[in-house]
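S.K.: Shown below is the structure under consideration.
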Amino acid sequence: MTFVAKPKVRHPLLPVNEIGLTRRDYEGLVSTLCAGCGHDSVSAALVQACAELSIPPHQFAKVSGIGCSSKTPSYFLDKSHGFNSVHGRMPSVATGANLANRQLYCIGVSGDGDSASIGFGQFAHIVRRRVNMLYLVDNNGTYGLTKGQFSATNDKGSTSKKGVPNLYDPIDLVCIALQLGASFVARSFSGDKAQLVPLIKAGIMHHGFAFIDVISPCVAFNNHEGSTKSFDYVRKHSEHVVVADYIEEHEEITADYAPGTTEDVPMPDGSILRLSKLDKNFDVHDNVAALNYIQQRQEEGEVVTGLLYVDPEASDCHEVLHTASQPLNALGEADLCPGSETLEAINASFR
Amino acid sequence: MTTFNDFVIRFANVNGSGSASANGMFPKALFRMGIPVATRNIFPSNIQGLPTWFEVRVSERGYLGRREGVDIMVAMNAETYREDVEILKPGGYLLHDTSKPLPDSLKRPDIHEIGIPISRMLLSEFSDPKQRSLFKNVVYIGALAELLNIEFDVITSMVATQFKGKDALIQPNIHALEIGRQYARDYLPCPLPIQVRRSNAVGEKILIDGNTAAALGALYGGATICAWYPITPSTSLAEAFEKYALQYRVDPDGEERKFAFIQAEDELSAIGIVIGAAWNGARAFTATSGPGISLMTEFLGLAYFAEIPAVVFDVQRSGPSTGMPTRTQQGDLLAAAYASHGDTKHVLLFPSTPVECFDFGALALDLADRLQTPVIIMSDLDLGMNDCLSDPLVWDDARRYDRGKVLSADDLEKVEQFGRYLDVDGDGIGYRTYPGTHPEKGAFFTRGTSRDEFARYTESPEAYEQNMQRLLKKWATAATLIPQAEIDDSGQRAGILYYGTSMLPMREALDLLSDEGISLDTLRVRGFPFGEEVYEFIHRHEFVFVVDQNRDSQMKTLLVTEGALDPARLIPVIYYAGLSISADTIQSQVSGYFTMRKMPRLKEVKL
């Protein structure tokens with residue numbers, strides 16, 4: 001057997017959230033990924049974020065594709081339904097799931113192979129469709145399960161474990177998401193939980209399509225010198241531009257940044273997203289400028305992280321499609337079937 | 001000798017010339033006079049400028065299939081003139097525009113020419129060149145009305161309905177009809193020995209295409225999500241769903257739509273959306289054709305193995321590859337039945353009529369939920385895109401949707417142990433839950449990888465094998481739930497087995513064969529997996545003809561494979577060249593087999 005359930009014994013002093021649950025209630029099975037894998041830190045950040053949001057665990061739907069990243073929905077939220085689907089096709093499954101029940105919180109987890117190669121088309125189109133979900137990519141620049149081939153997000157010149165340089169230019173999913181109209185775009189690092197957890201919380205609560213590209217080093221195949229997706233490289237070269245703090249409605253707002261550099265963005269649920277600019281030239285509401293800035297810094301080998309763009313007034317696919325406020329999966333005959341009398345009128349129109 | 005209500009007329013036009021709407025008036029007028037008609041649109045994969053044909057079969061006896069040979073040809077396309085003249089039956093009528101003379105090389109002594117100077121007459125009547133061109137088609141309809149005795153007011157009332165809201169167009173159209181009629185009256189031998197007359201053979205029937213009927217089936221069956229990618233000949237199915245959903249699924253107080261209509265980026269996405277939606281408890285479907293089925297196969301395998309409902313309408317066209325995209329075929333049987341890698345099998349339904357498109361459209365949603373698996377409805381271009389004379393569609397208001405085995409929060413409270421893939425009832429079908437049902441119970445992880453009965457990942461050989469065997473048990477359950485074959489068995493020596501649109505010419509083919517002293521028992525397959533009655537029928541007969549509209553006798557392959565039958569007892573009758581199979585084709589192949597085997601043709605010979 002290759003699954004292991006975690007024992008449900010909890011420390012008596014473990015804090016409980018607003019609905020009386022502890023972090024343990026948001027956990028999943030024991031991970032089968034390599035020891036030290038960045039993805040496990042992302043799963044842990046998801047557990048913490050969901051617990052802190054006090055959303056009942058069963059109100060999430062987890063969807064993924066295929067690959068190491070896509071295994072991770074087993075490792076968080078085991079009280080919610082999960083769907084480990086087909087390689088590169090998580091976006092379509094997530095679209096369907098979200099259309100069927102708009103009240104669930106949808107979390108999609110994908111990888112760089114899943115979203116930037118085989119599923120690049122699906123990634124582009126889910127951004128366009130504005131599905132209300134958190135789309136998270138565990139980005140390690142390599143194919144782990146098939147043992148270390150370069151992926152499409154790997155930087156040109158970045159080397160393999162054997163020292164062979166990558167010959168091709170990378171696809172930056174953050175830039176693609178910005179260009180295609182994602183209303184919440186962030187980049188983070190699996191090694192920076194303090195940055196990642198608030199971003200995940202804000203991404204889950206964001207109304208519209210929220211995308212977080214998490215650089216999540218592969219300890220087995222892409223964590224050596226010469227790689228631009230290693231822990232060391234990212235630590236050395238990441239440039240945090242905007243700190244996002246997710247502040248719940250009742251929480252006291254305490255500012256610890258210089259005046260004039262913070263902005264409070266109201267969220268649909270009444271909470272507040274507090275943005276603190278670390279780079280005063282960066283405008284988090286200008287996706288064109290953000291795109292430009294990220295690409296310029298990338299030319300210099302720097303990785304821009306933090307919240308990169310947010311449109312707090314974004315609409316989602318249900319608003320675009322005018323779907324009923326009641327979940328479509330809850331509608332029955334009375335709502336859906338026009339009845340025999342109408343059918344007679346339809347018949348008459350064909351005479 | 002004058003014949004009534006029994007001929008084939010073909011209109012040869014250039015596509016994009018406005019001929020479709022004018023030609024459409026012809027069968028509709030006859031239909032409104034109570035005469036059975038069947039239409040066939042033979043069109044190119046092109047927007048403008050290529051040849052297109054529109055064929056109408058008029059048959060008092062209600063033969064709606066294709067018949068070889070054309071009695072009246074309306075030849076309006078110079079490019080195809082030669083073949084259009086050639087295809088006419090001896091004694092047939094050639095209606096053509098004499099504004100330009102017909103070269104002698106195209107003359108045939110054994111046919112009747114009906115010349116009308118259409119373009120010349122329009123020159124003096126309409127100043128707008130676009131109108132001159134468009135009304136050519138209307139003029140010959142007016143002339144045909146006089147030549148064939150079509151009630152003129154039936155046609156004029158149709159013009160009024162067709163252009164309702166564009167009133168300025170009504171008068172010029174009627175005028176063009178009158179020009180044609182007047183010319184026929186003055187110069188042509190009206191009426192021809194081939195004529196129509198009012199009949200009561202139509203009754204309550206309607207004239208509808210299969211795609212529209214299928215879309216209505218999905219609407220009535222409670223589909224809330226349609227995800228699709230445009231592809232001929234299935235496009236009009238998805239578009240009809242949207243049209244009717246906008247009419248009947250929008251809240252009266254406002255904008256709220258009780259459906260979602262998504263044009264996906266490709267067929268992979270379309271089926272992915274359907275599967276995601278169905279996993280989350282909504283009824284969802286997609287409509288596609290052969291190339292789309294090819295793209296969907298990976299997902300179909302996932303849905304089979306992970307046991308998720310999905311409804312797919314496959315409106316088949318000629319393959320392989322892009323094939324002849326605007327021509328009909330039944331070429332996707334094997335691709336659909338076994339779509340995906342590994343041991344997969346899918347439930348198929350074979351509609352033969354618009355009523356079955358409607359019924360199976362709704363039924364497929366029930367079956368997919370009940371069986372927790374994809375259900376593919378195998379229509380084709382002939383049925384999907386042509387107007388067919390059909391019984392009215394019927395819905396029983398007492399009918400309830402069968403959502404299958406789904407546990408609610410209350411159910412879960414009562415269940416001691418929930419295992420998604422536990423075969424609790426012994427029919428191979430487990431119980432499912434929708435996401436978000438219960439805070440503590442019923443959550444499970446759906447995956448395409450092997451798992452145990454509690455949906456936990458495992459590579460245990462025993463668990464894998466047990467799961468695959470349970471899927472076979474479910475397959476056997478499916479065979480008891482799908483529509484049974486339609487059988488007419490009077491104890492003949494041989495039978496004929498057919499499905500889908502091969503039903504249309506079948507009655508005529510059987511009548512033709514009967515005239516030759518050949519009588520066959522019949523079986524119409526309506527679903528896959530095959531029920532016991534199908535195998536029993538084959539075992540009861542010395543040999544059985546199997547009618548397929550594909551090259552490789554795919555239905556025969558399915559029967560032999562699934563029923564472990566002796567292939568020698570199944571005799572292929574095939575046609576796959578792009579038109580629908582004709583009564584003559586069936587007759588000649590069956591009759592040829594009897595001749596070749598020197599078999600007696602007495603009707604009463606029994607085994």
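Identifiers for the structure tokens are assigned positionally: chains receive A, B, ... in sequence, residues are indexed from 1 per chain, and ligands are indexed from 1 in the order shown.
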Which residues come within 12 Å of Asn287 of chain A, counting only C-alpha atoms, excluding same-chain residues fewer than 3 positions away, as a list in words?
M.R.: Val174, Cys175, Ile176, Ala177, Leu178, Gln179, Leu180, Gly181, Ala182, Ser183, Phe184, Val185, Ala186, Phe282, Asp283, Val284, Ala290, Leu291, Asn292, Tyr293, Ile294, Leu307, Leu308, Tyr309, Val310 and Asp311 of chain A
S.K.: Could those selected residues go to a file with N, CA and C atoms, as a PDB file, in the first residue's frame?
M.R.:
```pdb
ATOM      1  N   VAL A 174       3.534  33.413 -15.090  1.00  0.00           N
ATOM      2  CA  VAL A 174       3.063  34.669 -14.500  1.00  0.00           C
ATOM      3  C   VAL A 174       2.801  35.698 -15.601  1.00  0.00           C
ATOM      4  N   CYS A 175       3.727  35.797 -16.546  1.00  0.00           N
ATOM      5  CA  CYS A 175       3.547  36.760 -17.650  1.00  0.00           C
ATOM      6  C   CYS A 175       2.345  36.390 -18.505  1.00  0.00           C
ATOM      7  N   ILE A 176       2.206  35.101 -18.764  1.00  0.00           N
ATOM      8  CA  ILE A 176       1.064  34.654 -19.570  1.00  0.00           C
ATOM      9  C   ILE A 176      -0.242  34.998 -18.854  1.00  0.00           C
ATOM     10  N   ALA A 177      -0.289  34.713 -17.555  1.00  0.00           N
ATOM     11  CA  ALA A 177      -1.508  34.987 -16.782  1.00  0.00           C
ATOM     12  C   ALA A 177      -1.830  36.483 -16.805  1.00  0.00           C
ATOM     13  N   LEU A 178      -0.790  37.314 -16.653  1.00  0.00           N
ATOM     14  CA  LEU A 178      -1.014  38.766 -16.683  1.00  0.00           C
ATOM     15  C   LEU A 178      -1.544  39.196 -18.042  1.00  0.00           C
ATOM     16  N   GLN A 179      -0.947  38.647 -19.077  1.00  0.00           N
ATOM     17  CA  GLN A 179      -1.330  39.057 -20.419  1.00  0.00           C
ATOM     18  C   GLN A 179      -2.747  38.644 -20.766  1.00  0.00           C
ATOM     19  N   LEU A 180      -3.182  37.492 -20.218  1.00  0.00           N
ATOM     20  CA  LEU A 180      -4.495  36.968 -20.597  1.00  0.00           C
ATOM     21  C   LEU A 180      -5.612  37.421 -19.660  1.00  0.00           C
ATOM     22  N   GLY A 181      -5.273  38.297 -18.735  1.00  0.00           N
ATOM     23  CA  GLY A 181      -6.339  38.923 -17.952  1.00  0.00           C
ATOM     24  C   GLY A 181      -6.660  38.282 -16.625  1.00  0.00           C
ATOM     25  N   ALA A 182      -5.728  37.509 -16.046  1.00  0.00           N
ATOM     26  CA  ALA A 182      -5.967  36.985 -14.698  1.00  0.00           C
ATOM     27  C   ALA A 182      -6.122  38.172 -13.745  1.00  0.00           C
ATOM     28  N   SER A 183      -7.057  38.056 -12.803  1.00  0.00           N
ATOM     29  CA  SER A 183      -7.327  39.223 -11.955  1.00  0.00           C
ATOM     30  C   SER A 183      -6.553  39.184 -10.638  1.00  0.00           C
ATOM     31  N   PHE A 184      -5.810  38.121 -10.402  1.00  0.00           N
ATOM     32  CA  PHE A 184      -4.953  38.032  -9.214  1.00  0.00           C
ATOM     33  C   PHE A 184      -3.738  37.204  -9.630  1.00  0.00           C
ATOM     34  N   VAL A 185      -2.572  37.816  -9.593  1.00  0.00           N
ATOM     35  CA  VAL A 185      -1.370  37.103 -10.040  1.00  0.00           C
ATOM     36  C   VAL A 185      -0.259  37.308  -9.013  1.00  0.00           C
ATOM     37  N   ALA A 186       0.348  36.214  -8.594  1.00  0.00           N
ATOM     38  CA  ALA A 186       1.431  36.326  -7.619  1.00  0.00           C
ATOM     39  C   ALA A 186       2.495  35.293  -7.944  1.00  0.00           C
ATOM     40  N   PHE A 282       6.509  50.150  -8.011  1.00  0.00           N
ATOM     41  CA  PHE A 282       5.677  49.065  -8.531  1.00  0.00           C
ATOM     42  C   PHE A 282       4.208  49.337  -8.253  1.00  0.00           C
ATOM     43  N   ASP A 283       3.381  49.286  -9.326  1.00  0.00           N
ATOM     44  CA  ASP A 283       1.936  49.502  -9.156  1.00  0.00           C
ATOM     45  C   ASP A 283       1.209  48.173  -9.338  1.00  0.00           C
ATOM     46  N   VAL A 284       0.618  47.690  -8.247  1.00  0.00           N
ATOM     47  CA  VAL A 284       0.009  46.367  -8.242  1.00  0.00           C
ATOM     48  C   VAL A 284      -1.335  46.316  -8.988  1.00  0.00           C
ATOM     49  N   ALA A 290       3.321  45.789 -14.758  1.00  0.00           N
ATOM     50  CA  ALA A 290       3.855  44.653 -14.007  1.00  0.00           C
ATOM     51  C   ALA A 290       4.587  43.702 -14.947  1.00  0.00           C
ATOM     52  N   LEU A 291       3.948  43.444 -16.075  1.00  0.00           N
ATOM     53  CA  LEU A 291       4.516  42.546 -17.077  1.00  0.00           C
ATOM     54  C   LEU A 291       5.892  43.059 -17.521  1.00  0.00           C
ATOM     55  N   ASN A 292       5.915  44.342 -17.789  1.00  0.00           N
ATOM     56  CA  ASN A 292       7.136  44.991 -18.229  1.00  0.00           C
ATOM     57  C   ASN A 292       8.235  44.865 -17.160  1.00  0.00           C
ATOM     58  N   TYR A 293       7.865  45.165 -15.929  1.00  0.00           N
ATOM     59  CA  TYR A 293       8.815  45.151 -14.816  1.00  0.00           C
ATOM     60  C   TYR A 293       9.389  43.744 -14.605  1.00  0.00           C
ATOM     61  N   ILE A 294       8.485  42.754 -14.605  1.00  0.00           N
ATOM     62  CA  ILE A 294       8.918  41.374 -14.352  1.00  0.00           C
ATOM     63  C   ILE A 294       9.907  40.925 -15.434  1.00  0.00           C
ATOM     64  N   LEU A 307       2.793  39.718  -4.404  1.00  0.00           N
ATOM     65  CA  LEU A 307       1.583  39.942  -5.194  1.00  0.00           C
ATOM     66  C   LEU A 307       1.942  40.880  -6.342  1.00  0.00           C
ATOM     67  N   LEU A 308       1.652  40.468  -7.556  1.00  0.00           N
ATOM     68  CA  LEU A 308       2.094  41.231  -8.716  1.00  0.00           C
ATOM     69  C   LEU A 308       0.961  41.997  -9.387  1.00  0.00           C
ATOM     70  N   TYR A 309      -0.230  41.500  -9.229  1.00  0.00           N
ATOM     71  CA  TYR A 309      -1.379  42.211  -9.815  1.00  0.00           C
ATOM     72  C   TYR A 309      -2.651  41.763  -9.115  1.00  0.00           C
ATOM     73  N   VAL A 310      -3.519  42.698  -8.830  1.00  0.00           N
ATOM     74  CA  VAL A 310      -4.844  42.339  -8.317  1.00  0.00           C
ATOM     75  C   VAL A 310      -5.871  43.349  -8.800  1.00  0.00           C
ATOM     76  N   ASP A 311      -6.993  42.805  -9.247  1.00  0.00           N
ATOM     77  CA  ASP A 311      -8.139  43.637  -9.592  1.00  0.00           C
ATOM     78  C   ASP A 311      -9.266  43.239  -8.646  1.00  0.00           C
TER      79      ASP A 311
END
```
S.K.: Env of segment 68-81 of chain B: 6 Å cut, atoms = only C-alpha atoms, seq-sep filter 4 positions within chain, self excluded. Answer as a ChimeraX atom specification.
M.R.: /B:7-14,88-89,92-96
S.K.: Which parts of segment 392-581 of chain B does DSSP call helix (DSSP H, G or I) when run on the backbone here, written out as a ChimeraX atom specification?
M.R.: /B:409-414,461-481,500-503,506-515,532-540,554-563,567-569
S.K.: Figure out the distance between atom CA of Lys474 of chain B and atom CA of Glu453 of chain B, please, to one decimal in Å.
M.R.: 14.6 Å
S.K.: From the list A:Phe209, A:Tyr246, A:Phe150, A:Phe221, which residue is nearest Asp316 of chain A when using only C-alpha atoms?
M.R.: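 Ranked by minimum distance to Asp316 of chain A, first place goes to A:Phe209.
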S.K.: If you count only C-alpha atoms, which residues fall within 6 Å of segment 33-37 of chain B, apart from same-chain ones fewer than 5 positions away, as JSON, numbers by chain?
M.R.: {"B": [57, 58, 59, 60, 62, 198, 199, 200, 201, 202]}
S.K.: Excluding segment 327-341 of chain A and its own-chain neighbours fewer than 4 positions away, which residues fall within 9 Å of it when counting only C-alpha atoms? Please give them as a PDB file with C-alpha atoms, in the first residue's frame.
M.R.:
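As written to disk, around00.pdb reads:
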```pdb
ATOM      1  CA  LEU A  99     -19.626  25.600 -13.202  1.00  0.00           C
ATOM      2  CA  ALA A 100     -21.498  22.799 -11.437  1.00  0.00           C
ATOM      3  CA  ASN A 101     -21.289  24.372  -7.982  1.00  0.00           C
ATOM      4  CA  ARG A 102     -20.212  27.976  -7.669  1.00  0.00           C
ATOM      5  CA  GLN A 103     -20.369  27.823  -3.864  1.00  0.00           C
ATOM      6  CA  THR A 323     -25.621  31.506 -14.402  1.00  0.00           C
ATOM      7  CA  ALA A 345     -45.672  24.091 -28.820  1.00  0.00           C
ATOM      8  CA  ILE A 346     -42.172  23.176 -29.979  1.00  0.00           C
TER       9      ILE A 346
ATOM     10  CA  LEU B 219     -32.642  20.114 -22.394  1.00  0.00           C
ATOM     11  CA  TYR B 220     -35.597  18.020 -21.225  1.00  0.00           C
ATOM     12  CA  GLY B 221     -33.254  15.491 -19.643  1.00  0.00           C
ATOM     13  CA  GLY B 222     -31.894  18.182 -17.331  1.00  0.00           C
ATOM     14  CA  ALA B 223     -28.464  18.886 -18.780  1.00  0.00           C
ATOM     15  CA  THR B 224     -27.197  22.120 -17.249  1.00  0.00           C
ATOM     16  CA  ILE B 225     -23.773  22.299 -18.838  1.00  0.00           C
ATOM     17  CA  TYR B 248     -36.774  27.943 -21.507  1.00  0.00           C
ATOM     18  CA  ARG B 249     -34.057  28.080 -18.868  1.00  0.00           C
ATOM     19  CA  LYS B 258     -30.162  27.696 -15.364  1.00  0.00           C
ATOM     20  CA  PHE B 259     -27.503  26.436 -17.720  1.00  0.00           C
ATOM     21  CA  ALA B 260     -23.950  27.150 -18.792  1.00  0.00           C
ATOM     22  CA  ALA B 277     -19.081  19.109 -13.977  1.00  0.00           C
ATOM     23  CA  ALA B 278     -20.461  15.572 -13.724  1.00  0.00           C
ATOM     24  CA  ASN B 280     -19.443  17.697  -9.117  1.00  0.00           C
ATOM     25  CA  GLY B 281     -23.011  16.503  -9.667  1.00  0.00           C
ATOM     26  CA  ALA B 282     -24.247  18.518 -12.643  1.00  0.00           C
ATOM     27  CA  ARG B 283     -25.662  16.927 -15.782  1.00  0.00           C
ATOM     28  CA  VAL B 394     -43.262  13.300 -26.372  1.00  0.00           C
ATOM     29  CA  TRP B 395     -42.422  13.994 -22.723  1.00  0.00           C
ATOM     30  CA  ASP B 396     -44.149  12.461 -19.728  1.00  0.00           C
ATOM     31  CA  ASP B 397     -44.436  15.085 -16.995  1.00  0.00           C
ATOM     32  CA  ARG B 399     -40.999  11.285 -15.366  1.00  0.00           C
ATOM     33  CA  ARG B 400     -38.248  11.901 -12.812  1.00  0.00           C
ATOM     34  CA  TYR B 401     -34.555  12.125 -13.512  1.00  0.00           C
TER      35      TYR B 401
END
```
S.K.: Just the residues within 12 Å of Leu134 of chain A, please, counting only C-alpha atoms, with nothing from its chain fewer than 6 positions along; format it as a PyMOL selection string.
M.R.: chain A and resi 46+50+60-64+91+94-95+98+104-110+126-127+182-186+199-213
S.K.: Output N, CA and C atoms for every residue in that selection, as a CSV table (one decimal), in the first residue's frame.
M.R.:
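Result written to again-v8.csv:
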```csv
chain,number,residue,atom,x,y,z
A,46,LEU,N,-0.8,25.5,2.3
A,46,LEU,CA,-2.2,25.4,2.0
A,46,LEU,C,-3.0,25.0,3.3
A,50,CYS,N,-5.8,27.5,4.8
A,50,CYS,CA,-7.2,27.0,4.9
A,50,CYS,C,-7.7,27.0,6.3
A,60,PHE,N,-14.2,22.7,0.2
A,60,PHE,CA,-13.2,22.9,-0.9
A,60,PHE,C,-13.3,21.8,-1.9
A,61,ALA,N,-13.0,22.0,-3.1
A,61,ALA,CA,-12.8,21.0,-4.1
A,61,ALA,C,-11.4,21.1,-4.7
A,62,LYS,N,-10.7,20.0,-4.6
A,62,LYS,CA,-9.3,20.0,-5.0
A,62,LYS,C,-9.2,19.3,-6.4
A,63,VAL,N,-8.5,19.9,-7.3
A,63,VAL,CA,-8.3,19.4,-8.6
A,63,VAL,C,-6.9,19.4,-9.1
A,64,SER,N,-6.4,18.4,-9.8
A,64,SER,CA,-5.0,18.5,-10.2
A,64,SER,C,-4.9,17.7,-11.5
A,91,PRO,N,-7.2,22.3,-15.9
A,91,PRO,CA,-8.1,23.5,-16.1
A,91,PRO,C,-9.5,23.2,-16.6
A,94,ALA,N,-11.4,21.6,-13.7
A,94,ALA,CA,-11.7,22.7,-12.7
A,94,ALA,C,-12.9,23.6,-13.2
A,95,THR,N,-12.8,23.9,-14.5
A,95,THR,CA,-13.9,24.7,-15.1
A,95,THR,C,-15.3,24.0,-14.9
A,98,ASN,N,-16.3,23.9,-11.2
A,98,ASN,CA,-16.7,25.3,-10.8
A,98,ASN,C,-18.1,25.7,-11.3
A,104,LEU,N,-18.6,26.2,-3.9
A,104,LEU,CA,-17.4,25.5,-3.4
A,104,LEU,C,-16.1,26.4,-3.7
A,105,TYR,N,-15.2,26.3,-2.8
A,105,TYR,CA,-13.9,26.9,-3.0
A,105,TYR,C,-13.0,25.9,-3.8
A,106,CYS,N,-12.6,26.4,-5.0
A,106,CYS,CA,-11.9,25.4,-5.9
A,106,CYS,C,-10.4,25.7,-5.8
A,107,ILE,N,-9.6,24.7,-5.5
A,107,ILE,CA,-8.2,24.8,-5.6
A,107,ILE,C,-7.6,23.9,-6.6
A,108,GLY,N,-6.9,24.4,-7.6
A,108,GLY,CA,-6.3,23.6,-8.6
A,108,GLY,C,-4.8,23.6,-8.3
A,109,VAL,N,-4.2,22.4,-8.3
A,109,VAL,CA,-2.7,22.4,-8.2
A,109,VAL,C,-2.2,21.7,-9.4
A,110,SER,N,-1.2,22.4,-10.0
A,110,SER,CA,-0.6,21.9,-11.2
A,110,SER,C,1.0,22.1,-11.1
A,126,ILE,N,-8.2,28.8,-19.4
A,126,ILE,CA,-8.9,28.9,-18.1
A,126,ILE,C,-8.7,30.3,-17.6
A,127,VAL,N,-7.5,30.9,-17.9
A,127,VAL,CA,-7.3,32.3,-17.5
A,127,VAL,C,-8.4,33.2,-18.2
A,182,ALA,N,-5.7,37.5,-16.0
A,182,ALA,CA,-6.0,37.0,-14.7
A,182,ALA,C,-6.1,38.2,-13.7
A,183,SER,N,-7.1,38.1,-12.8
A,183,SER,CA,-7.3,39.2,-12.0
A,183,SER,C,-6.6,39.2,-10.6
A,184,PHE,N,-5.8,38.1,-10.4
A,184,PHE,CA,-5.0,38.0,-9.2
A,184,PHE,C,-3.7,37.2,-9.6
A,185,VAL,N,-2.6,37.8,-9.6
A,185,VAL,CA,-1.4,37.1,-10.0
A,185,VAL,C,-0.3,37.3,-9.0
A,186,ALA,N,0.3,36.2,-8.6
A,186,ALA,CA,1.4,36.3,-7.6
A,186,ALA,C,2.5,35.3,-7.9
A,199,LEU,N,-0.6,34.9,0.7
A,199,LEU,CA,-1.0,35.0,-0.7
A,199,LEU,C,-2.0,33.9,-1.0
A,200,ILE,N,-1.8,32.7,-0.4
A,200,ILE,CA,-2.8,31.6,-0.7
A,200,ILE,C,-4.2,32.0,-0.1
A,201,LYS,N,-4.1,32.6,1.1
A,201,LYS,CA,-5.4,33.1,1.7
A,201,LYS,C,-6.1,34.1,0.8
A,202,ALA,N,-5.3,35.0,0.4
A,202,ALA,CA,-5.9,36.1,-0.5
A,202,ALA,C,-6.4,35.5,-1.8
A,203,GLY,N,-5.6,34.5,-2.3
A,203,GLY,CA,-6.0,33.9,-3.6
A,203,GLY,C,-7.3,33.1,-3.5
A,204,ILE,N,-7.4,32.4,-2.4
A,204,ILE,CA,-8.7,31.7,-2.2
A,204,ILE,C,-9.9,32.6,-2.0
A,205,MET,N,-9.7,33.7,-1.3
A,205,MET,CA,-10.8,34.6,-1.1
A,205,MET,C,-11.0,35.6,-2.3
A,206,HIS,N,-10.1,35.7,-3.2
A,206,HIS,CA,-10.2,36.5,-4.3
A,206,HIS,C,-11.4,36.1,-5.2
A,207,HIS,N,-12.2,37.0,-5.6
A,207,HIS,CA,-13.3,36.7,-6.5
A,207,HIS,C,-12.8,36.8,-8.0
A,208,GLY,N,-12.7,35.6,-8.6
A,208,GLY,CA,-12.2,35.6,-10.0
A,208,GLY,C,-11.0,34.6,-10.0
A,209,PHE,N,-10.2,34.7,-11.1
A,209,PHE,CA,-9.2,33.7,-11.3
A,209,PHE,C,-7.9,34.2,-10.6
A,210,ALA,N,-7.4,33.4,-9.6
A,210,ALA,CA,-6.2,33.8,-8.9
A,210,ALA,C,-5.1,32.8,-9.2
A,211,PHE,N,-4.0,33.3,-9.6
A,211,PHE,CA,-2.9,32.5,-10.0
A,211,PHE,C,-1.7,32.7,-9.1
A,212,ILE,N,-1.1,31.7,-8.6
A,212,ILE,CA,0.2,31.8,-7.9
A,212,ILE,C,1.2,30.8,-8.4
A,213,ASP,N,2.2,31.3,-8.9
A,213,ASP,CA,3.4,30.5,-9.4
A,213,ASP,C,4.3,30.4,-8.2
```
S.K.: Work out how far apart atom CA of Glu146 of chain B and atom CA of Ala176 of chain B are and give it in Å to one decimal.
M.R.: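 It comes out at 13.4 Å.
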S.K.: In segment 272-331 of chain B, what's strand (DSSP E or B) per DSSP? Answer as JSON, numbers by chain?
M.R.: {"B": [284, 285, 286, 287, 288, 310, 311, 312, 313, 314, 315, 316, 318, 324]}
S.K.: Generate the output file for the selected residues, C-alpha atoms, as a PDB file, in the first residue's frame.
M.R.:
```pdb
ATOM      1  CA  ALA B 284     -23.336  17.797 -18.605  1.00  0.00           C
ATOM      2  CA  PHE B 285     -22.811  16.848 -22.220  1.00  0.00           C
ATOM      3  CA  THR B 286     -20.751  17.586 -25.279  1.00  0.00           C
ATOM      4  CA  ALA B 287     -21.458  17.224 -28.988  1.00  0.00           C
ATOM      5  CA  THR B 288     -18.773  16.309 -31.461  1.00  0.00           C
ATOM      6  CA  ALA B 310     -20.447  11.864 -19.212  1.00  0.00           C
ATOM      7  CA  VAL B 311     -22.751  12.236 -22.189  1.00  0.00           C
ATOM      8  CA  VAL B 312     -21.291  12.621 -25.671  1.00  0.00           C
ATOM      9  CA  PHE B 313     -23.232  13.065 -28.895  1.00  0.00           C
ATOM     10  CA  ASP B 314     -21.125  11.799 -31.786  1.00  0.00           C
ATOM     11  CA  VAL B 315     -22.679  13.062 -35.009  1.00  0.00           C
ATOM     12  CA  GLN B 316     -20.600  10.929 -37.327  1.00  0.00           C
ATOM     13  CA  SER B 318     -16.814  10.371 -43.134  1.00  0.00           C
ATOM     14  CA  MET B 324     -15.160  14.091 -46.066  1.00  0.00           C
TER      15      MET B 324
END
```
S.K.: For Gln48 of chain B, work out the shell of residues within 8 Å, counting only C-alpha atoms and skipping chain neighbours fewer than 2 positions away, then give it as an mmCIF file with N, CA and C atoms, in the first residue's frame.
M.R.:
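result-v6.cif, freshly written:
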```cif
data_model
loop_
_atom_site.group_PDB
_atom_site.id
_atom_site.type_symbol
_atom_site.label_atom_id
_atom_site.label_comp_id
_atom_site.auth_asym_id
_atom_site.auth_seq_id
_atom_site.Cartn_x
_atom_site.Cartn_y
_atom_site.Cartn_z
ATOM 1 N N VAL B 14 -24.792 26.335 -56.503
ATOM 2 C CA VAL B 14 -23.469 26.720 -56.008
ATOM 3 C C VAL B 14 -23.669 27.155 -54.557
ATOM 4 N N ASN B 15 -22.806 26.692 -53.648
ATOM 5 C CA ASN B 15 -23.071 27.062 -52.248
ATOM 6 C C ASN B 15 -22.778 28.528 -51.994
ATOM 7 N N GLY B 16 -23.546 29.087 -51.049
ATOM 8 C CA GLY B 16 -23.439 30.513 -50.770
ATOM 9 C C GLY B 16 -24.247 31.377 -51.728
ATOM 10 N N SER B 17 -25.083 30.751 -52.600
ATOM 11 C CA SER B 17 -25.848 31.546 -53.576
ATOM 12 C C SER B 17 -27.280 31.799 -53.102
ATOM 13 N N ASN B 46 -17.142 24.187 -47.245
ATOM 14 C CA ASN B 46 -16.772 25.433 -47.903
ATOM 15 C C ASN B 46 -17.831 26.483 -47.604
ATOM 16 N N LEU B 50 -18.604 26.459 -54.074
ATOM 17 C CA LEU B 50 -18.474 25.058 -54.495
ATOM 18 C C LEU B 50 -19.857 24.442 -54.725
#
```
